[in-house]
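One file, upload_34.txt, carrying compact mmCIF, C-alpha atoms and all ligand atoms:
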# COMPACT_ATOMS: atom_id res chain seq x y z
CA MET Q 26 3.67 -24.48 -11.54
CA GLU Q 27 2.80 -24.46 -7.88
CA LYS Q 28 -0.70 -25.73 -7.24
CA HIS Q 29 -1.35 -23.98 -3.95
CA PRO Q 30 -1.87 -20.21 -4.09
CA LEU Q 31 1.24 -18.10 -3.76
CA SER Q 32 1.81 -16.42 -0.45
CA LEU Q 33 4.40 -14.08 0.96
CA THR Q 34 5.49 -14.70 4.52
CA ILE Q 35 7.50 -12.13 6.43
CA ARG Q 36 8.84 -13.25 9.80
CA ASN Q 37 10.54 -11.11 12.44
CA VAL Q 38 12.18 -8.74 10.00
CA SER Q 39 14.23 -5.92 11.52
CA LYS Q 40 16.37 -3.24 9.95
CA ARG Q 41 18.50 -0.54 11.51
CA TYR Q 42 20.26 1.98 9.25
CA ALA Q 43 23.84 3.05 9.84
CA ASN Q 44 22.57 6.38 11.26
CA GLY Q 45 20.87 4.45 14.08
CA VAL Q 46 17.27 4.70 12.77
CA GLN Q 47 15.39 1.49 13.50
CA ALA Q 48 13.27 1.47 10.33
CA LEU Q 49 11.74 -1.99 10.86
CA HIS Q 50 11.22 -3.67 14.20
CA ASN Q 51 10.31 -7.34 14.29
CA VAL Q 52 7.86 -7.13 11.39
CA SER Q 53 5.81 -10.26 10.65
CA LEU Q 54 3.09 -10.38 7.98
CA SER Q 55 1.30 -13.06 5.98
CA ILE Q 56 0.33 -11.78 2.57
CA PRO Q 57 -2.09 -13.80 0.41
CA PRO Q 58 -2.84 -13.26 -3.29
CA GLY Q 59 -4.87 -10.14 -4.10
CA MET Q 60 -4.46 -6.51 -3.20
CA TYR Q 61 -2.67 -5.93 0.08
CA GLY Q 62 -2.47 -2.46 1.59
CA LEU Q 63 0.48 -1.38 3.72
CA LEU Q 64 -0.73 1.78 5.37
CA GLY Q 65 1.33 4.16 7.45
CA PRO Q 66 2.48 7.76 7.76
CA ASN Q 67 5.67 9.10 6.22
CA GLY Q 68 8.72 7.63 7.87
CA ALA Q 69 6.84 4.54 9.10
CA GLY Q 70 9.18 2.11 7.32
CA LYS Q 71 7.04 1.25 4.28
CA SER Q 72 9.69 1.92 1.64
CA THR Q 73 12.29 0.08 3.66
CA LEU Q 74 10.03 -2.97 3.72
CA MET Q 75 9.14 -2.61 0.01
CA ARG Q 76 12.81 -2.32 -1.00
CA THR Q 77 13.62 -5.34 1.12
CA LEU Q 78 10.88 -7.38 -0.55
CA ALA Q 79 12.14 -6.14 -3.93
CA THR Q 80 15.62 -7.52 -3.02
CA LEU Q 81 17.22 -4.08 -3.18
CA GLN Q 82 18.36 -4.22 0.41
CA GLU Q 83 18.70 -6.85 3.12
CA PRO Q 84 17.20 -6.97 6.58
CA ASP Q 85 19.47 -7.33 9.61
CA GLU Q 86 17.29 -10.14 10.88
CA GLY Q 87 14.30 -12.20 9.85
CA HIS Q 88 13.06 -14.42 7.05
CA ILE Q 89 10.98 -13.73 3.98
CA LEU Q 90 9.45 -16.48 1.88
CA LEU Q 91 7.70 -15.95 -1.45
CA GLY Q 92 6.10 -19.34 -2.05
CA ASP Q 93 9.15 -21.52 -1.55
CA ILE Q 94 11.68 -18.86 -2.55
CA ASP Q 95 13.86 -17.44 0.23
CA VAL Q 96 13.71 -13.74 -0.70
CA VAL Q 97 16.86 -12.68 1.15
CA HIS Q 98 19.08 -15.44 -0.23
CA GLN Q 99 17.57 -16.22 -3.63
CA LYS Q 100 17.41 -12.74 -5.08
CA GLU Q 101 17.60 -13.80 -8.71
CA ALA Q 102 14.65 -16.15 -8.34
CA VAL Q 103 12.60 -13.34 -6.77
CA ARG Q 104 13.56 -10.87 -9.48
CA GLN Q 105 12.29 -13.21 -12.16
CA THR Q 106 8.79 -12.99 -10.75
CA LEU Q 107 8.84 -9.46 -9.34
CA GLY Q 108 7.41 -6.21 -10.64
CA TYR Q 109 8.42 -3.14 -8.66
CA LEU Q 110 7.15 0.39 -9.09
CA PRO Q 111 9.32 2.50 -6.78
CA GLN Q 112 8.19 5.75 -5.20
CA GLU Q 113 10.26 7.69 -7.67
CA PHE Q 114 11.49 6.46 -10.97
CA GLY Q 115 13.12 8.25 -13.86
CA VAL Q 116 12.04 7.97 -17.47
CA TYR Q 117 13.98 9.02 -20.51
CA PRO Q 118 11.98 12.15 -21.43
CA LYS Q 119 12.88 11.97 -25.09
CA ALA Q 120 11.80 8.38 -25.59
CA SER Q 121 8.22 7.45 -26.42
CA ALA Q 122 6.32 5.01 -24.21
CA GLU Q 123 6.42 2.42 -26.95
CA GLU Q 124 10.18 2.69 -27.44
CA LEU Q 125 11.05 2.61 -23.75
CA LEU Q 126 8.70 -0.27 -22.96
CA ASP Q 127 10.21 -2.22 -25.84
CA TYR Q 128 13.66 -1.51 -24.45
CA PHE Q 129 12.70 -2.69 -20.96
CA ALA Q 130 11.15 -5.80 -22.50
CA VAL Q 131 14.50 -6.62 -24.10
CA LEU Q 132 16.19 -6.16 -20.72
CA LYS Q 133 13.60 -8.48 -19.21
CA GLY Q 134 14.75 -11.13 -21.67
CA ILE Q 135 11.86 -11.03 -24.15
CA THR Q 136 14.10 -11.35 -27.18
CA ASN Q 137 11.56 -12.66 -29.68
CA ARG Q 138 10.39 -9.62 -31.67
CA ALA Q 139 6.86 -10.76 -32.35
CA LEU Q 140 6.32 -11.76 -28.74
CA ARG Q 141 7.76 -8.44 -27.60
CA ARG Q 142 5.43 -6.52 -29.88
CA ALA Q 143 2.42 -8.44 -28.63
CA THR Q 144 3.47 -8.03 -25.00
CA THR Q 145 4.11 -4.30 -25.18
CA GLU Q 146 0.89 -3.69 -27.11
CA ALA Q 147 -1.14 -5.62 -24.53
CA LEU Q 148 0.45 -3.69 -21.67
CA LEU Q 149 0.00 -0.30 -23.31
CA ARG Q 150 -3.65 -1.12 -23.91
CA GLN Q 151 -4.12 -2.42 -20.39
CA THR Q 152 -2.68 0.77 -18.91
CA ASN Q 153 -4.73 2.89 -21.28
CA LEU Q 154 -1.67 4.38 -22.97
CA TRP Q 155 -2.05 2.81 -26.40
CA ASP Q 156 -3.31 6.01 -28.00
CA LYS Q 157 -0.40 7.93 -26.43
CA ARG Q 158 2.27 5.36 -27.23
CA LYS Q 159 4.13 7.59 -29.71
CA GLN Q 160 4.16 10.57 -27.36
CA LYS Q 161 7.42 11.42 -25.59
CA LEU Q 162 7.44 10.48 -21.91
CA GLY Q 163 8.68 13.95 -21.02
CA GLY Q 164 5.23 15.24 -21.98
CA TYR Q 165 3.31 12.68 -19.92
CA SER Q 166 1.22 13.78 -16.93
CA GLY Q 167 1.95 12.32 -13.49
CA GLY Q 168 -0.85 9.79 -13.84
CA MET Q 169 0.27 8.68 -17.29
CA ARG Q 170 3.81 8.26 -16.00
CA GLN Q 171 2.57 6.12 -13.11
CA ARG Q 172 0.56 3.97 -15.51
CA PHE Q 173 3.62 3.63 -17.68
CA GLY Q 174 5.48 2.52 -14.55
CA VAL Q 175 2.87 -0.19 -14.06
CA ALA Q 176 3.28 -1.32 -17.68
CA VAL Q 177 7.03 -1.67 -17.07
CA ALA Q 178 6.48 -3.42 -13.76
CA LEU Q 179 4.09 -5.91 -15.37
CA LEU Q 180 6.57 -7.05 -18.02
CA GLY Q 181 7.22 -10.74 -17.62
CA ASN Q 182 3.95 -11.44 -15.74
CA PRO Q 183 5.20 -10.96 -12.19
CA ARG Q 184 3.49 -12.92 -9.43
CA LEU Q 185 4.57 -10.29 -6.92
CA LEU Q 186 3.90 -6.66 -7.78
CA ILE Q 187 5.01 -3.93 -5.39
CA VAL Q 188 3.80 -0.37 -5.81
CA ASP Q 189 5.21 2.17 -3.39
CA GLU Q 190 3.12 5.30 -2.73
CA PRO Q 191 1.75 5.40 -6.28
CA THR Q 192 -1.08 7.88 -5.83
CA ALA Q 193 0.77 10.53 -3.84
CA GLY Q 194 1.12 13.12 -6.60
CA LEU Q 195 -1.98 12.33 -8.65
CA ASP Q 196 -5.06 14.49 -9.11
CA PRO Q 197 -8.41 12.86 -8.19
CA THR Q 198 -9.28 11.71 -11.71
CA GLU Q 199 -5.86 10.25 -12.33
CA ARG Q 200 -5.92 8.60 -8.94
CA VAL Q 201 -9.22 6.83 -9.64
CA ARG Q 202 -7.95 5.69 -13.02
CA PHE Q 203 -4.76 4.38 -11.48
CA LEU Q 204 -6.58 2.52 -8.70
CA ASN Q 205 -8.95 1.00 -11.26
CA LEU Q 206 -5.96 -0.29 -13.16
CA LEU Q 207 -4.53 -1.89 -10.02
CA SER Q 208 -7.87 -3.40 -9.09
CA GLU Q 209 -7.90 -5.36 -12.33
CA LEU Q 210 -4.65 -7.06 -11.39
CA GLY Q 211 -4.00 -9.28 -8.51
CA GLU Q 212 -6.34 -12.20 -8.37
CA ASN Q 213 -3.65 -14.76 -8.92
CA SER Q 214 -0.72 -12.56 -8.03
CA ILE Q 215 0.17 -10.63 -4.90
CA VAL Q 216 -0.06 -6.88 -5.27
CA ILE Q 217 1.28 -4.81 -2.39
CA LEU Q 218 0.24 -1.20 -2.31
CA SER Q 219 2.16 0.94 0.12
CA THR Q 220 0.45 4.21 0.91
CA HIS Q 221 -0.26 6.86 3.53
CA ILE Q 222 -3.72 7.42 2.02
CA VAL Q 223 -6.43 5.54 3.90
CA ALA Q 224 -8.90 5.78 1.00
CA ASP Q 225 -6.52 3.89 -1.32
CA VAL Q 226 -6.65 0.90 0.99
CA ALA Q 227 -10.36 1.25 1.78
CA GLU Q 228 -11.29 1.22 -1.90
CA LEU Q 229 -9.01 -1.52 -3.13
CA CYS Q 230 -7.49 -3.87 -0.64
CA THR Q 231 -8.83 -7.14 0.68
CA ASN Q 232 -6.13 -7.36 3.32
CA MET Q 233 -4.01 -4.76 5.01
CA ALA Q 234 -1.56 -3.87 7.72
CA ILE Q 235 -0.94 -0.61 9.52
CA ILE Q 236 2.67 0.26 10.25
CA ASN Q 237 4.15 3.05 12.35
CA GLN Q 238 7.70 3.60 13.57
CA GLY Q 239 8.78 0.33 12.06
CA GLN Q 240 6.19 -1.75 13.90
CA ILE Q 241 3.01 -3.43 12.72
CA LEU Q 242 0.10 -2.05 14.73
CA LEU Q 243 -2.63 -4.10 13.07
CA GLU Q 244 -2.95 -6.79 10.41
CA SER Q 245 -6.49 -7.47 9.29
CA GLU Q 246 -9.08 -7.43 6.57
CA PRO Q 247 -10.33 -3.83 6.35
CA LEU Q 248 -13.97 -4.85 6.86
CA GLU Q 249 -13.14 -6.88 9.95
CA ALA Q 250 -11.11 -4.09 11.48
CA VAL Q 251 -14.01 -1.69 10.92
CA ALA Q 252 -16.46 -4.19 12.41
CA ALA Q 253 -14.28 -4.59 15.50
CA LEU Q 254 -14.60 -0.86 16.17
CA ARG Q 255 -18.38 -0.86 16.06
CA GLY Q 256 -19.79 0.62 19.27
CA ARG Q 257 -16.44 2.14 20.20
CA ILE Q 258 -16.39 5.29 18.07
CA TRP Q 259 -18.36 8.35 19.19
CA ARG Q 260 -18.85 11.66 17.51
CA ARG Q 261 -19.47 15.18 18.71
CA LEU Q 262 -19.39 18.65 17.19
CA ILE Q 263 -17.38 21.10 19.24
CA ASP Q 264 -15.87 24.53 18.90
CA LYS Q 265 -12.21 24.40 18.08
CA PRO Q 266 -11.00 25.92 21.38
CA SER Q 267 -12.58 23.03 23.34
CA LEU Q 268 -10.52 20.44 21.49
CA HIS Q 269 -7.51 20.65 23.75
CA ALA Q 270 -9.56 20.05 26.90
CA LEU Q 271 -11.41 17.15 25.27
CA GLU Q 272 -8.11 15.56 24.28
CA GLN Q 273 -7.09 15.55 27.95
CA GLU Q 274 -10.25 13.65 28.88
CA GLN Q 275 -10.89 11.35 25.95
CA GLN Q 276 -9.05 9.34 23.34
CA VAL Q 277 -9.67 11.64 20.37
CA VAL Q 278 -8.93 9.68 17.18
CA SER Q 279 -9.73 12.43 14.70
CA ALA Q 280 -10.81 16.05 14.55
CA LYS Q 281 -12.05 17.53 11.30
CA LEU Q 282 -13.43 20.90 10.37
CA LEU Q 283 -17.04 20.73 9.28
CA GLY Q 284 -18.98 23.86 8.44
CA GLY Q 285 -16.76 26.02 10.64
CA ARG Q 286 -16.99 23.68 13.63
CA THR Q 287 -14.90 20.71 14.61
CA LEU Q 288 -16.22 17.16 14.31
CA VAL Q 289 -14.36 14.89 16.68
CA HIS Q 290 -14.32 11.13 16.75
CA VAL Q 291 -13.51 9.61 20.11
CA TYR Q 292 -12.53 6.03 20.85
CA SER Q 293 -14.24 4.64 23.91
CA PRO Q 294 -15.66 1.19 24.81
CA GLU Q 295 -18.58 3.01 26.46
CA ARG Q 296 -20.47 6.17 25.60
CA PRO Q 297 -18.27 8.99 26.85
CA GLY Q 298 -21.21 11.28 27.74
CA ASN Q 299 -24.63 12.48 26.63
CA SER Q 300 -23.21 14.96 24.18
CA PHE Q 301 -21.71 12.14 22.12
CA GLU Q 302 -23.52 10.19 19.44
CA PRO Q 303 -22.51 6.77 18.22
CA ALA Q 304 -20.59 6.96 14.93
CA GLU Q 305 -20.48 4.32 12.24
CA PRO Q 306 -16.76 3.53 12.11
CA ASP Q 307 -14.81 3.55 8.87
CA LEU Q 308 -11.26 2.69 7.90
CA GLU Q 309 -10.05 6.13 8.83
CA ASP Q 310 -11.23 5.47 12.39
CA VAL Q 311 -9.37 2.17 12.27
CA TYR Q 312 -6.21 3.92 11.12
CA PHE Q 313 -6.30 6.70 13.69
CA SER Q 314 -7.34 4.33 16.48
CA ALA Q 315 -4.44 2.05 15.62
CA MET Q 316 -2.06 5.01 15.52
CA ALA Q 317 -3.34 6.14 18.93
CA GLY Q 318 -2.63 2.68 20.30
CA CYS Q 319 -6.30 1.76 20.75
CA PHE Q 320 -5.96 -1.58 19.00
CA GLY Q 321 -4.72 -3.22 22.18
CA PRO Q 322 -4.89 -6.96 22.85
CA ALA Q 323 -8.65 -6.94 23.62
CA ILE Q 324 -9.73 -5.36 20.37
CA LYS Q 325 -7.15 -7.32 18.37
CA GLN Q 326 -8.74 -10.47 19.74
CA GLN Q 327 -12.15 -9.15 18.74
CA THR Q 328 -10.85 -8.48 15.22
CA GLU Q 329 -9.75 -12.09 15.02
CA MET Q 330 -13.14 -13.27 16.29
CA VAL Q 331 -15.01 -11.18 13.74
CA GLY Q 332 -12.88 -12.85 11.09
CA GLN Q 333 -13.81 -16.38 12.13
P1 LIG Q 401 8.17 5.43 4.61
O1 LIG Q 401 8.34 4.78 3.29
O2 LIG Q 401 7.06 4.82 5.41
O3 LIG Q 401 8.06 6.92 4.53
P2 LIG Q 401 10.98 4.78 5.05
O4 LIG Q 401 11.17 3.31 5.00
O5 LIG Q 401 11.36 5.58 3.85
O6 LIG Q 401 9.47 5.11 5.49
O7 LIG Q 401 11.80 5.35 6.28
C1 LIG Q 401 11.72 4.79 7.60
C2 LIG Q 401 12.74 5.49 8.49
O8 LIG Q 401 14.05 5.15 8.04
C3 LIG Q 401 12.67 7.00 8.42
O9 LIG Q 401 12.98 7.51 9.69
C4 LIG Q 401 13.73 7.37 7.41
O10 LIG Q 401 14.26 8.65 7.68
C5 LIG Q 401 14.79 6.29 7.66
N1 LIG Q 401 15.54 5.94 6.46
C6 LIG Q 401 15.04 5.53 5.26
N2 LIG Q 401 16.02 5.24 4.40
C7 LIG Q 401 17.20 5.48 5.05
C8 LIG Q 401 18.58 5.36 4.69
N3 LIG Q 401 18.97 4.93 3.49
N4 LIG Q 401 19.49 5.71 5.63
C9 LIG Q 401 19.11 6.13 6.85
N5 LIG Q 401 17.83 6.25 7.26
C10 LIG Q 401 16.88 5.93 6.37

Give the structure from this file in structure tokens form.
Ligand code: ADP
Amino acid sequence: MEKHPLSLTIRNVSKRYANGVQALHNVSLSIPPGMYGLLGPNGAGKSTLMRTLATLQEPDEGHILLGDIDVVHQKEAVRQTLGYLPQEFGVYPKASAEELLDYFAVLKGITNRALRRATTEALLRQTNLWDKRKQKLGGYSGGMRQRFGVAVALLGNPRLLIVDEPTAGLDPTERVRFLNLLSELGENSIVILSTHIVADVAELCTNMAIINQGQILLESEPLEAVAALRGRIWRRLIDKPSLHALEQEQQVVSAKLLGGRTLVHVYSPERPGNSFEPAEPDLEDVYFSAMAGCFGPAIKQQTEMVGQ
């Protein structure tokens, strides 16, 4: 057993697909144990990075180290300690959860029957599916299927668990249940949650990165990134037709409908005018500010200082 905590180090990873799309551009991240959020819009490169970490594809350039395992060159060693819940996965609709989990446990090399029974029971209980274990997977709801996916991914006690866009199709209750399940994991292991939903990261993750167009825009602890924006986010209610003009003058980071009017958040180091009130920033402001390119060198430095 390694004594020091596991960490995942990604250095200068780039990937260009055969069609010319540069999906990852010089990506470097340091991922400690716990829940790590990789946040970005569709097409940002999240799945490409997740599949690369899961040894399903190789980068063109760069290095990835999981503890002392070289992820690109020692795929088998990674797979022994990896759990991966892809964005889409098929289940055999006619099999029950219990049967299919048992089958995957055999594939994972858990050949001892008693151990397999104990393992699958523990996982079905942990994912809250024990009462539904005899039910056919074809009849499972989206949330139940995702939880089953986690049970499969957790077989063999992985120290690296990757979940790619897990909450996308879930209703609010299922989403909360799923996030609660994830939050119970990952003290000793690394759990990477890739998502385009800011709230997923805000609620769960102790560390995060924001990615867009294959590039990392920000790597930070969520609370530090929010703190670094304090005093820089301003709010104002406007009528929708004025939005366009305001966007020409100010760095609008978000515009939301509120009671028939439009609530805008503007990024500005100083108060942009008397009609603006200071707003308490949140992670959504961080996300949209990063996407708008507001996390330039100055504020990045401030983020680092807040973290010291
Ligand atoms: P995300 O998971 O953030 O939505 P992806 O990693 O799936 O992002 O995609 C990043 C970019 O790479 C997108 O422009 C996407 O169209 C492109 N892409 C993804 N997979 C492939 C592939 N197999 N071949 C070509 N282009 C791809």

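Shortest atom-to-atom contact with Phe129 of chain Q among Q:Ala252, Q:Asn205, Q:Gly87, Q:Thr145: Q:Thr145, counting only C-alpha atoms.
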
Legend entry - Near-Lys157 of chain Q list (10 Å; all atoms listed in the file; drop same-chain fewer than 3 positions) as an MDAnalysis selection string: chainID Q and resid 121:123 149:150 153:154 160:162 165 169

Now that the selection is made, can you save its residues with C-alpha atoms as a PDB file, in the frame of the given file?
ATOM      1  CA  SER Q 121       8.220   7.450 -26.420  1.00  0.00           C
ATOM      2  CA  ALA Q 122       6.320   5.010 -24.210  1.00  0.00           C
ATOM      3  CA  GLU Q 123       6.420   2.420 -26.950  1.00  0.00           C
ATOM      4  CA  LEU Q 149       0.000  -0.300 -23.310  1.00  0.00           C
ATOM      5  CA  ARG Q 150      -3.650  -1.120 -23.910  1.00  0.00           C
ATOM      6  CA  ASN Q 153      -4.730   2.890 -21.280  1.00  0.00           C
ATOM      7  CA  LEU Q 154      -1.670   4.380 -22.970  1.00  0.00           C
ATOM      8  CA  GLN Q 160       4.160  10.570 -27.360  1.00  0.00           C
ATOM      9  CA  LYS Q 161       7.420  11.420 -25.590  1.00  0.00           C
ATOM     10  CA  LEU Q 162       7.440  10.480 -21.910  1.00  0.00           C
ATOM     11  CA  TYR Q 165       3.310  12.680 -19.920  1.00  0.00           C
ATOM     12  CA  MET Q 169       0.270   8.680 -17.290  1.00  0.00           C
TER      13      MET Q 169
END

Inset, instruction - Using all atoms listed in the file, find each protein or nucleic acid residue lying at most 6 Å from ligand LIG 401 (chain Q); present the set as a PyMOL selection string. - result: chain Q and resi 42+44+46+48+66-73

Please report, as CSV, each residue of segment 82-180 of chain Q lying at most 12 Å from segment 218-224 of chain Q, together with the nearest pair of atoms and the separation in Å rounded to one decimal; use only C-alpha atoms, and order rows by chain and ascending residue number.
residue,atom,partner,partner_atom,distance
Q:Tyr109,CA,Q:Leu218,CA,10.5
Q:Leu110,CA,Q:Leu218,CA,9.8
Q:Pro111,CA,Q:Ser219,CA,10.1
Q:Gln112,CA,Q:Ser219,CA,9.4

Inset, instruction - Work out how far atom CA of Thr136 of chain Q is from atom CA of Trp155 of chain Q, in Å to one decimal. - result: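 About the pair atom CA of Trp155 of chain Q and atom CA of Thr136 of chain Q: they are 21.5 Å apart.
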
Inset, instruction - Work out how far apart atom CA of Asp85 of chain Q and atom CA of Lys40 of chain Q are and give it in Å to one decimal. - result: 5.1 Å

Legend entry - Nearby residues (all atoms listed in the file) at most 7 Å from Ile236 of chain Q, same-chain spacing under 6 positions excluded, as a list of chain:residue names: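 Near Ile236 of chain Q, the qualifying residues are Q:Leu64, Q:Gly65, Q:Ala69, Q:Leu242.
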
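Distances to Thr152 of chain Q were evaluated for Q:Ser208, Q:Ser55, Q:Asn213, Q:Thr34 using all atoms listed in the file, and the minimum falls at Q:Ser208.
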
Legend entry - One-decimal distance in Å that lies between atom CA of Gly298 of chain Q and atom CA of Val278 of chain Q: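 Calculated distance between atom CA of Val278 of chain Q and atom CA of Gly298 of chain Q is 16.3 Å.
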
Inset, instruction - Pick out the residues sitting within 12 Å of Val216 of chain Q, and hand them over as a ChimeraX atom specification; count only C-alpha atoms, and ignore anything fewer than 5 positions along from it in its own chain. - result: /Q:31-33,56-63,75,78,107-110,175,178-179,183-189,204,206-211,226,229-233

Legend entry - Surrounding residues of Asn37 of chain Q excluding itself and chain neighbours under 4 positions, 9 Å, all atoms listed in the file, as a list in words: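 So the residues in contact are His50, Asn51, Val52, Ser53, Leu54, Glu86, Gly87, His88 and Ile89 of chain Q.
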
Restricted to C-alpha atoms, what would the selected residues look like written as a short mmCIF file (atom, residue, chain, number, x, y, z; two decimals), keeping the file's coordinate frame?
data_model
loop_
_atom_site.label_atom_id
_atom_site.label_comp_id
_atom_site.auth_asym_id
_atom_site.auth_seq_id
_atom_site.Cartn_x
_atom_site.Cartn_y
_atom_site.Cartn_z
CA HIS Q 50 11.22 -3.67 14.20
CA ASN Q 51 10.31 -7.34 14.29
CA VAL Q 52 7.86 -7.13 11.39
CA SER Q 53 5.81 -10.26 10.65
CA LEU Q 54 3.09 -10.38 7.98
CA GLU Q 86 17.29 -10.14 10.88
CA GLY Q 87 14.30 -12.20 9.85
CA HIS Q 88 13.06 -14.42 7.05
CA ILE Q 89 10.98 -13.73 3.98
#

When you look at Gly318 of chain Q with a cut-off of 10 Å (counting all atoms listed in the file), what residues show up, excluding the ones that are within fewer than 2 positions of it in the same chain? I need them as a PDB file with C-alpha atoms, in the coordinates of the input.
ATOM      1  CA  LEU Q 242       0.100  -2.050  14.730  1.00  0.00           C
ATOM      2  CA  LEU Q 243      -2.630  -4.100  13.070  1.00  0.00           C
ATOM      3  CA  GLN Q 276      -9.050   9.340  23.340  1.00  0.00           C
ATOM      4  CA  VAL Q 278      -8.930   9.680  17.180  1.00  0.00           C
ATOM      5  CA  TYR Q 312      -6.210   3.920  11.120  1.00  0.00           C
ATOM      6  CA  PHE Q 313      -6.300   6.700  13.690  1.00  0.00           C
ATOM      7  CA  SER Q 314      -7.340   4.330  16.480  1.00  0.00           C
ATOM      8  CA  ALA Q 315      -4.440   2.050  15.620  1.00  0.00           C
ATOM      9  CA  MET Q 316      -2.060   5.010  15.520  1.00  0.00           C
ATOM     10  CA  PHE Q 320      -5.960  -1.580  19.000  1.00  0.00           C
ATOM     11  CA  GLY Q 321      -4.720  -3.220  22.180  1.00  0.00           C
TER      12      GLY Q 321
END

Would you mind writing segment 109-129 of chain Q with N, CA and C atoms, as an mmCIF file, keeping the file's coordinate frame?
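Wrote rebuild_11.cif, looks like this:
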data_model
loop_
_atom_site.group_PDB
_atom_site.id
_atom_site.type_symbol
_atom_site.label_atom_id
_atom_site.label_comp_id
_atom_site.auth_asym_id
_atom_site.auth_seq_id
_atom_site.Cartn_x
_atom_site.Cartn_y
_atom_site.Cartn_z
ATOM 1 N N TYR Q 109 8.250 -4.120 -9.727
ATOM 2 C CA TYR Q 109 8.420 -3.140 -8.660
ATOM 3 C C TYR Q 109 8.281 -1.737 -9.224
ATOM 4 N N LEU Q 110 7.315 -1.008 -8.698
ATOM 5 C CA LEU Q 110 7.150 0.390 -9.090
ATOM 6 C C LEU Q 110 7.587 1.243 -7.902
ATOM 7 N N PRO Q 111 8.821 1.752 -7.936
ATOM 8 C CA PRO Q 111 9.320 2.500 -6.780
ATOM 9 C C PRO Q 111 8.622 3.839 -6.639
ATOM 10 N N GLN Q 112 8.828 4.465 -5.490
ATOM 11 C CA GLN Q 112 8.190 5.750 -5.200
ATOM 12 C C GLN Q 112 8.568 6.771 -6.261
ATOM 13 N N GLU Q 113 9.821 6.773 -6.620
ATOM 14 C CA GLU Q 113 10.260 7.690 -7.670
ATOM 15 C C GLU Q 113 11.053 6.921 -8.694
ATOM 16 N N PHE Q 114 10.691 7.119 -9.941
ATOM 17 C CA PHE Q 114 11.490 6.460 -10.970
ATOM 18 C C PHE Q 114 11.677 7.437 -12.123
ATOM 19 N N GLY Q 115 12.831 7.343 -12.746
ATOM 20 C CA GLY Q 115 13.120 8.250 -13.860
ATOM 21 C C GLY Q 115 12.684 7.625 -15.166
ATOM 22 N N VAL Q 116 12.278 8.459 -16.110
ATOM 23 C CA VAL Q 116 12.040 7.970 -17.470
ATOM 24 C C VAL Q 116 12.944 8.798 -18.388
ATOM 25 N N TYR Q 117 13.217 8.245 -19.547
ATOM 26 C CA TYR Q 117 13.980 9.020 -20.510
ATOM 27 C C TYR Q 117 12.983 9.939 -21.204
ATOM 28 N N PRO Q 118 13.042 11.251 -20.960
ATOM 29 C CA PRO Q 118 11.980 12.150 -21.430
ATOM 30 C C PRO Q 118 11.847 12.184 -22.941
ATOM 31 N N LYS Q 119 12.943 11.854 -23.631
ATOM 32 C CA LYS Q 119 12.880 11.970 -25.090
ATOM 33 C C LYS Q 119 12.392 10.699 -25.761
ATOM 34 N N ALA Q 120 12.282 9.630 -24.990
ATOM 35 C CA ALA Q 120 11.800 8.380 -25.590
ATOM 36 C C ALA Q 120 10.280 8.343 -25.532
ATOM 37 N N SER Q 121 9.671 7.653 -26.491
ATOM 38 C CA SER Q 121 8.220 7.450 -26.420
ATOM 39 C C SER Q 121 7.960 6.243 -25.522
ATOM 40 N N ALA Q 122 6.707 6.130 -25.071
ATOM 41 C CA ALA Q 122 6.320 5.010 -24.210
ATOM 42 C C ALA Q 122 6.599 3.684 -24.914
ATOM 43 N N GLU Q 123 6.257 3.657 -26.184
ATOM 44 C CA GLU Q 123 6.420 2.420 -26.950
ATOM 45 C C GLU Q 123 7.897 2.009 -27.029
ATOM 46 N N GLU Q 124 8.750 2.995 -27.318
ATOM 47 C CA GLU Q 124 10.180 2.690 -27.440
ATOM 48 C C GLU Q 124 10.761 2.206 -26.098
ATOM 49 N N LEU Q 125 10.426 2.943 -25.034
ATOM 50 C CA LEU Q 125 11.050 2.610 -23.750
ATOM 51 C C LEU Q 125 10.533 1.261 -23.224
ATOM 52 N N LEU Q 126 9.243 1.007 -23.423
ATOM 53 C CA LEU Q 126 8.700 -0.270 -22.960
ATOM 54 C C LEU Q 126 9.353 -1.424 -23.728
ATOM 55 N N ASP Q 127 9.552 -1.212 -25.017
ATOM 56 C CA ASP Q 127 10.210 -2.220 -25.840
ATOM 57 C C ASP Q 127 11.630 -2.484 -25.315
ATOM 58 N N TYR Q 128 12.303 -1.405 -24.965
ATOM 59 C CA TYR Q 128 13.660 -1.510 -24.450
ATOM 60 C C TYR Q 128 13.699 -2.304 -23.134
ATOM 61 N N PHE Q 129 12.756 -1.955 -22.232
ATOM 62 C CA PHE Q 129 12.700 -2.690 -20.960
ATOM 63 C C PHE Q 129 12.343 -4.156 -21.181
#
